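A quick write-up on the structure given underneath.
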Amino acid sequence: MNNPNDAAAPKQLKKRKLVDRNLPTDVDEIAEESQFYHELQDMERKLDWTMMRKRMELQEAFGKTIKTRRKLRVFISHTASGQSWQGASFTNGLDFDSGVGIPSWTLRIEGRLLDSPVARLNKGTTRKFSSFLKSMVVEFDRDTSLYPEPNIVEWHRSPNQPPQDGFEIKRRGDISVKCRIILNLEHQPEHYRVDPLLGDIINVKEETRVGVIAALWNYIKSNGLQDKVDRRLIRFDAALANILQVPEIRFQHVPELVNRFLHPLEPIVLHHMIVVEQPTIHTSPASQAFDIDVDMDDLFLKSKISQSLLSFNNESQSLLLQLDDEIAHAVQSVRNSKLKRDFLQAFADNPKEFIDSWIASQSRDLEVILGDDGRGGVRDEDLRRSDFFRLPWVREAVSIYEGMRSGGTLRNPQVR
């Protein structure tokens with residue numbers, strides 16, 4: 001059975017959270033130090049605005065792909081075997097099945113990412129050479145009637161193919177060969193070469209599709225090419241109108257207009273001479289190195305941005321809320337002290353008039369709260385005046401009445 005005293009026990013009231021951090025306006029007249037508090041509030045508003053703007057910039061940067069430029073060093077080398085100057089015999093020791101003793105050469109194409117002077121960029125797993133390539137084509141300049149092997153070797157990256165550090169091509173022959181290596185770099189997202197007609201105007205030579213549109217949009221805004229009435233209409237200046245062949249265009253048609261000026265990137269072409277004759281001081285070197293600029297994701301910087309956003313959302317935000325609560329309680333204490341001071345100041349100025357007015361006010365409030373008469377302690381002459389219902393105590397009396405009525409503690413009014 002339920003304890004009957006439980007029903008009569010008052011419910012635990014939820015403590016109201018203070019949110020007002022503004023001092024009463026008349027505090028400035030009696031406390032000059034309050035001006036410093038107002039200056040701190042102005043500084044806080046500026047700081048909040050700056051922090052919010054920086055936070056939005058971090059969130060925007062976190063949503064984008066952060067790139068950094070690194071150096072990819074490509075090594076091209078070759079070796080020769082079974083050549084006459086190496087002591088090989090054309091009559092003894094030849095095995096056409098295994099290729100032992102037959103003059104041949106081997107071409108190696110390898111790559112390695114160089115260390116960056118920025119220490120944070122060298123952390124993490126190093127990418128392998130083939131992960132930077134979309135495709136590779138190697139062309140050999142030799143007589144097809146003498147050698148049955150194809151003179152063109154192609155490699156295209158497939159989705160499930162594991163990355164590798166390099167490639168090796170072996171061919172038979174005892175004649176030096178020129179080769180051309182064509183590398184198509186992998187870009188995520190896809191990069192394009194901008195037509196010089198448009199690129200010279202927006203100052204962009206190579207960029208993603210989104211980057212080219214953003215550069216064109218910045219040019220439009222900086223030169224005021226938007227229509228003054230219809231902001232969706234772009235009116236080109238003489239330079240753009242000359243290459244686009246239209247005087248104006250709707251903003252939603254800008255991407256398809258930009259596509260006309262985007263072309264695939266030019267591949268990187270490397271030349272190498274495969275020398276199988278006995279090396280001398282005048283022959284080409286057996287190995288070469290080329291440096292290529294590649295764009296990589298700055299994962300470390302992105303993780304730092306993520307950590308900054310998380311720390312702001314958790315630790316900093318809870319600390320700021322705690323400080324706001326302390327300030328609100330301090331302001332409430334100042335407000336209560338101001339009410340006490342006004343109370344005592346009015347008593348000190350005219351004690352008799354203050355006590356008479358205070359007793360009359362308390363008596364009237366008590367009659368209204370307790371409802372001693374049929375009209376709740378309100379006189380007829382007061383009910384005839386509309387300003388009576390605008391007095392400060394009316395709102396408080398109504399709140400107390402509603403609280404008592406909802407709590408079931410309000411007595412039934414006497415019927416006369």
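We label chains A, B, ... in the order they appear in the structure tokens, count residues from 1 in each chain, and number ligands from 1 in the order shown.
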I want to know what sits within 12 Å of A:His156, based on only C-alpha atoms, with residues of the same chain fewer than 6 positions away left out; could you give that as an MDAnalysis selection string?
chainID A and resid 130:138 163 182:186
Just C-alpha atoms for this one: save the residues we selected as an mmCIF file, in the first residue's frame.
```
data_model
loop_
_atom_site.group_PDB
_atom_site.id
_atom_site.type_symbol
_atom_site.label_atom_id
_atom_site.label_comp_id
_atom_site.auth_asym_id
_atom_site.auth_seq_id
_atom_site.Cartn_x
_atom_site.Cartn_y
_atom_site.Cartn_z
ATOM 1 C CA SER A 130 51.984 3.146 -58.532
ATOM 2 C CA SER A 131 49.397 4.818 -56.245
ATOM 3 C CA PHE A 132 50.355 8.167 -57.806
ATOM 4 C CA LEU A 133 49.694 6.932 -61.363
ATOM 5 C CA LYS A 134 46.521 6.478 -63.322
ATOM 6 C CA SER A 135 48.317 4.832 -66.223
ATOM 7 C CA MET A 136 51.770 4.432 -67.735
ATOM 8 C CA VAL A 137 52.878 3.822 -71.316
ATOM 9 C CA VAL A 138 56.428 2.882 -72.342
ATOM 10 C CA PRO A 163 50.207 -0.694 -55.177
ATOM 11 C CA ILE A 182 54.454 8.547 -70.538
ATOM 12 C CA LEU A 183 53.006 8.999 -67.031
ATOM 13 C CA ASN A 184 49.390 10.017 -66.327
ATOM 14 C CA LEU A 185 49.103 11.115 -62.709
ATOM 15 C CA GLU A 186 46.135 10.263 -60.527
#
```
Of the listed residues A:Gly173, A:Phe261, A:Asp297, A:Glu190, that which approaches A:Leu216 most closely, counting only C-alpha atoms
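That would be A:Phe261, the residue with the smallest distance to A:Leu216.
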Where in stretch 140-365 of chain A does DSSP assign strand (DSSP E or B), given as a PyMOL selection string?
chain A and resi 140-141+152-156+166-172+177-185+191-194+206-208+226+233-235+248-250+262-263+268-274+287-297
Excluding A:Gln41 and its own-chain neighbours fewer than 3 positions away, which residues fall within 12 Å of it when counting only C-alpha atoms? Please give them as a CSV table (one decimal) with all heavy atoms, in the first residue's frame.
```csv
chain,number,residue,atom,x,y,z
A,21,ARG,N,22.3,38.1,-17.8
A,21,ARG,CA,23.6,38.5,-17.3
A,21,ARG,C,23.8,40.0,-17.5
A,21,ARG,O,24.9,40.5,-17.5
A,21,ARG,CB,24.7,37.8,-18.1
A,21,ARG,CG,24.7,36.3,-17.8
A,21,ARG,CD,25.8,35.6,-18.6
A,21,ARG,NE,25.7,35.7,-20.0
A,21,ARG,CZ,26.6,35.9,-20.9
A,21,ARG,NH1,27.8,36.2,-20.5
A,21,ARG,NH2,26.4,35.9,-22.2
A,22,ASN,N,22.7,40.8,-17.6
A,22,ASN,CA,22.7,42.2,-17.7
A,22,ASN,C,22.4,42.9,-16.4
A,22,ASN,O,21.4,42.5,-15.7
A,22,ASN,CB,21.7,42.7,-18.7
A,22,ASN,CG,22.0,42.1,-20.1
A,22,ASN,OD1,23.2,42.1,-20.5
A,22,ASN,ND2,21.0,41.7,-20.9
A,23,LEU,N,23.2,43.9,-16.0
A,23,LEU,CA,23.0,44.6,-14.8
A,23,LEU,C,21.8,45.5,-14.9
A,23,LEU,O,21.5,46.0,-16.0
A,23,LEU,CB,24.2,45.4,-14.5
A,23,LEU,CG,25.5,44.6,-14.0
A,23,LEU,CD1,26.7,45.6,-13.9
A,23,LEU,CD2,25.3,43.9,-12.8
A,34,SER,N,30.5,49.6,-12.7
A,34,SER,CA,29.7,48.8,-13.6
A,34,SER,C,30.0,49.1,-15.0
A,34,SER,O,29.7,48.3,-15.9
A,34,SER,CB,28.2,49.1,-13.3
A,34,SER,OG,27.9,50.5,-13.5
A,35,GLN,N,30.6,50.2,-15.3
A,35,GLN,CA,31.0,50.6,-16.7
A,35,GLN,C,32.1,49.6,-17.2
A,35,GLN,O,32.1,49.2,-18.4
A,35,GLN,CB,31.6,52.0,-16.8
A,35,GLN,CG,31.9,52.5,-18.2
A,35,GLN,CD,30.7,52.5,-19.1
A,35,GLN,OE1,29.6,52.7,-18.7
A,35,GLN,NE2,31.0,52.2,-20.4
A,36,PHE,N,32.9,49.1,-16.3
A,36,PHE,CA,33.9,48.1,-16.7
A,36,PHE,C,33.2,46.8,-17.1
A,36,PHE,O,33.7,46.1,-18.0
A,36,PHE,CB,34.9,47.8,-15.6
A,36,PHE,CG,35.7,49.1,-15.2
A,36,PHE,CD1,35.7,49.6,-14.0
A,36,PHE,CD2,36.6,49.7,-16.2
A,36,PHE,CE1,36.4,50.7,-13.6
A,36,PHE,CE2,37.3,50.8,-15.8
A,36,PHE,CZ,37.3,51.3,-14.6
A,37,TYR,N,32.2,46.5,-16.4
A,37,TYR,CA,31.4,45.2,-16.8
A,37,TYR,C,30.8,45.4,-18.1
A,37,TYR,O,30.8,44.4,-18.9
A,37,TYR,CB,30.3,45.0,-15.7
A,37,TYR,CG,29.5,43.7,-16.0
A,37,TYR,CD1,30.0,42.5,-15.7
A,37,TYR,CD2,28.2,43.8,-16.5
A,37,TYR,CE1,29.3,41.3,-16.0
A,37,TYR,CE2,27.5,42.7,-16.7
A,37,TYR,CZ,28.0,41.4,-16.5
A,37,TYR,OH,27.3,40.3,-16.7
A,38,HIS,N,30.2,46.5,-18.5
A,38,HIS,CA,29.7,46.8,-19.8
A,38,HIS,C,30.7,46.7,-20.9
A,38,HIS,O,30.5,46.1,-22.0
A,38,HIS,CB,29.0,48.1,-19.9
A,38,HIS,CG,27.8,48.2,-18.9
A,38,HIS,ND1,26.9,47.2,-18.8
A,38,HIS,CD2,27.4,49.2,-18.1
A,38,HIS,CE1,25.9,47.6,-17.9
A,38,HIS,NE2,26.3,48.8,-17.5
A,44,GLU,N,33.3,40.6,-25.0
A,44,GLU,CA,32.8,39.2,-25.1
A,44,GLU,C,32.0,39.0,-26.3
A,44,GLU,O,32.2,38.0,-27.0
A,44,GLU,CB,32.0,38.9,-23.8
A,44,GLU,CG,31.5,37.4,-23.9
A,44,GLU,CD,30.5,37.1,-22.8
A,44,GLU,OE1,29.9,38.0,-22.3
A,44,GLU,OE2,30.4,35.9,-22.4
A,45,ARG,N,31.2,40.0,-26.7
A,45,ARG,CA,30.4,39.8,-27.9
A,45,ARG,C,31.3,39.8,-29.1
A,45,ARG,O,31.1,39.0,-30.1
A,45,ARG,CB,29.3,41.0,-28.0
A,45,ARG,CG,28.1,40.8,-27.2
A,45,ARG,CD,27.0,41.8,-27.5
A,45,ARG,NE,27.4,43.1,-27.0
A,45,ARG,CZ,27.1,43.6,-25.8
A,45,ARG,NH1,26.4,42.9,-25.0
A,45,ARG,NH2,27.5,44.8,-25.4
A,46,LYS,N,32.3,40.6,-29.2
A,46,LYS,CA,33.2,40.6,-30.3
A,46,LYS,C,34.0,39.3,-30.3
A,46,LYS,O,34.2,38.8,-31.4
A,46,LYS,CB,34.2,41.8,-30.2
A,46,LYS,CG,33.5,43.2,-30.3
A,46,LYS,CD,34.5,44.3,-30.2
A,46,LYS,CE,33.8,45.7,-30.3
A,46,LYS,NZ,34.8,46.8,-30.1
A,47,LEU,N,34.4,38.8,-29.2
A,47,LEU,CA,35.2,37.6,-29.1
A,47,LEU,C,34.3,36.4,-29.5
A,47,LEU,O,34.8,35.5,-30.3
A,47,LEU,CB,35.7,37.4,-27.7
A,47,LEU,CG,36.6,36.1,-27.5
A,47,LEU,CD1,37.8,36.2,-28.4
A,47,LEU,CD2,37.0,36.0,-26.0
A,48,ASP,N,33.0,36.4,-29.1
A,48,ASP,CA,32.1,35.3,-29.5
A,48,ASP,C,31.9,35.3,-31.0
A,48,ASP,O,31.9,34.3,-31.7
A,48,ASP,CB,30.8,35.5,-28.8
A,48,ASP,CG,30.9,35.1,-27.3
A,48,ASP,OD1,31.8,34.5,-26.9
A,48,ASP,OD2,29.9,35.6,-26.6
A,324,ASP,N,29.3,31.2,-17.6
A,324,ASP,CA,28.1,31.9,-17.8
A,324,ASP,C,27.1,31.8,-16.6
A,324,ASP,O,26.5,32.8,-16.1
A,324,ASP,CB,27.4,31.5,-19.0
A,324,ASP,CG,28.1,32.0,-20.3
A,324,ASP,OD1,28.8,32.9,-20.2
A,324,ASP,OD2,27.8,31.4,-21.4
A,327,ILE,N,28.5,34.0,-13.8
A,327,ILE,CA,28.2,35.4,-14.0
A,327,ILE,C,26.7,35.7,-13.8
A,327,ILE,O,26.4,36.7,-13.2
A,327,ILE,CB,28.6,35.8,-15.5
A,327,ILE,CG1,30.1,35.6,-15.6
A,327,ILE,CG2,28.1,37.2,-15.8
A,327,ILE,CD1,30.6,35.8,-17.1
```
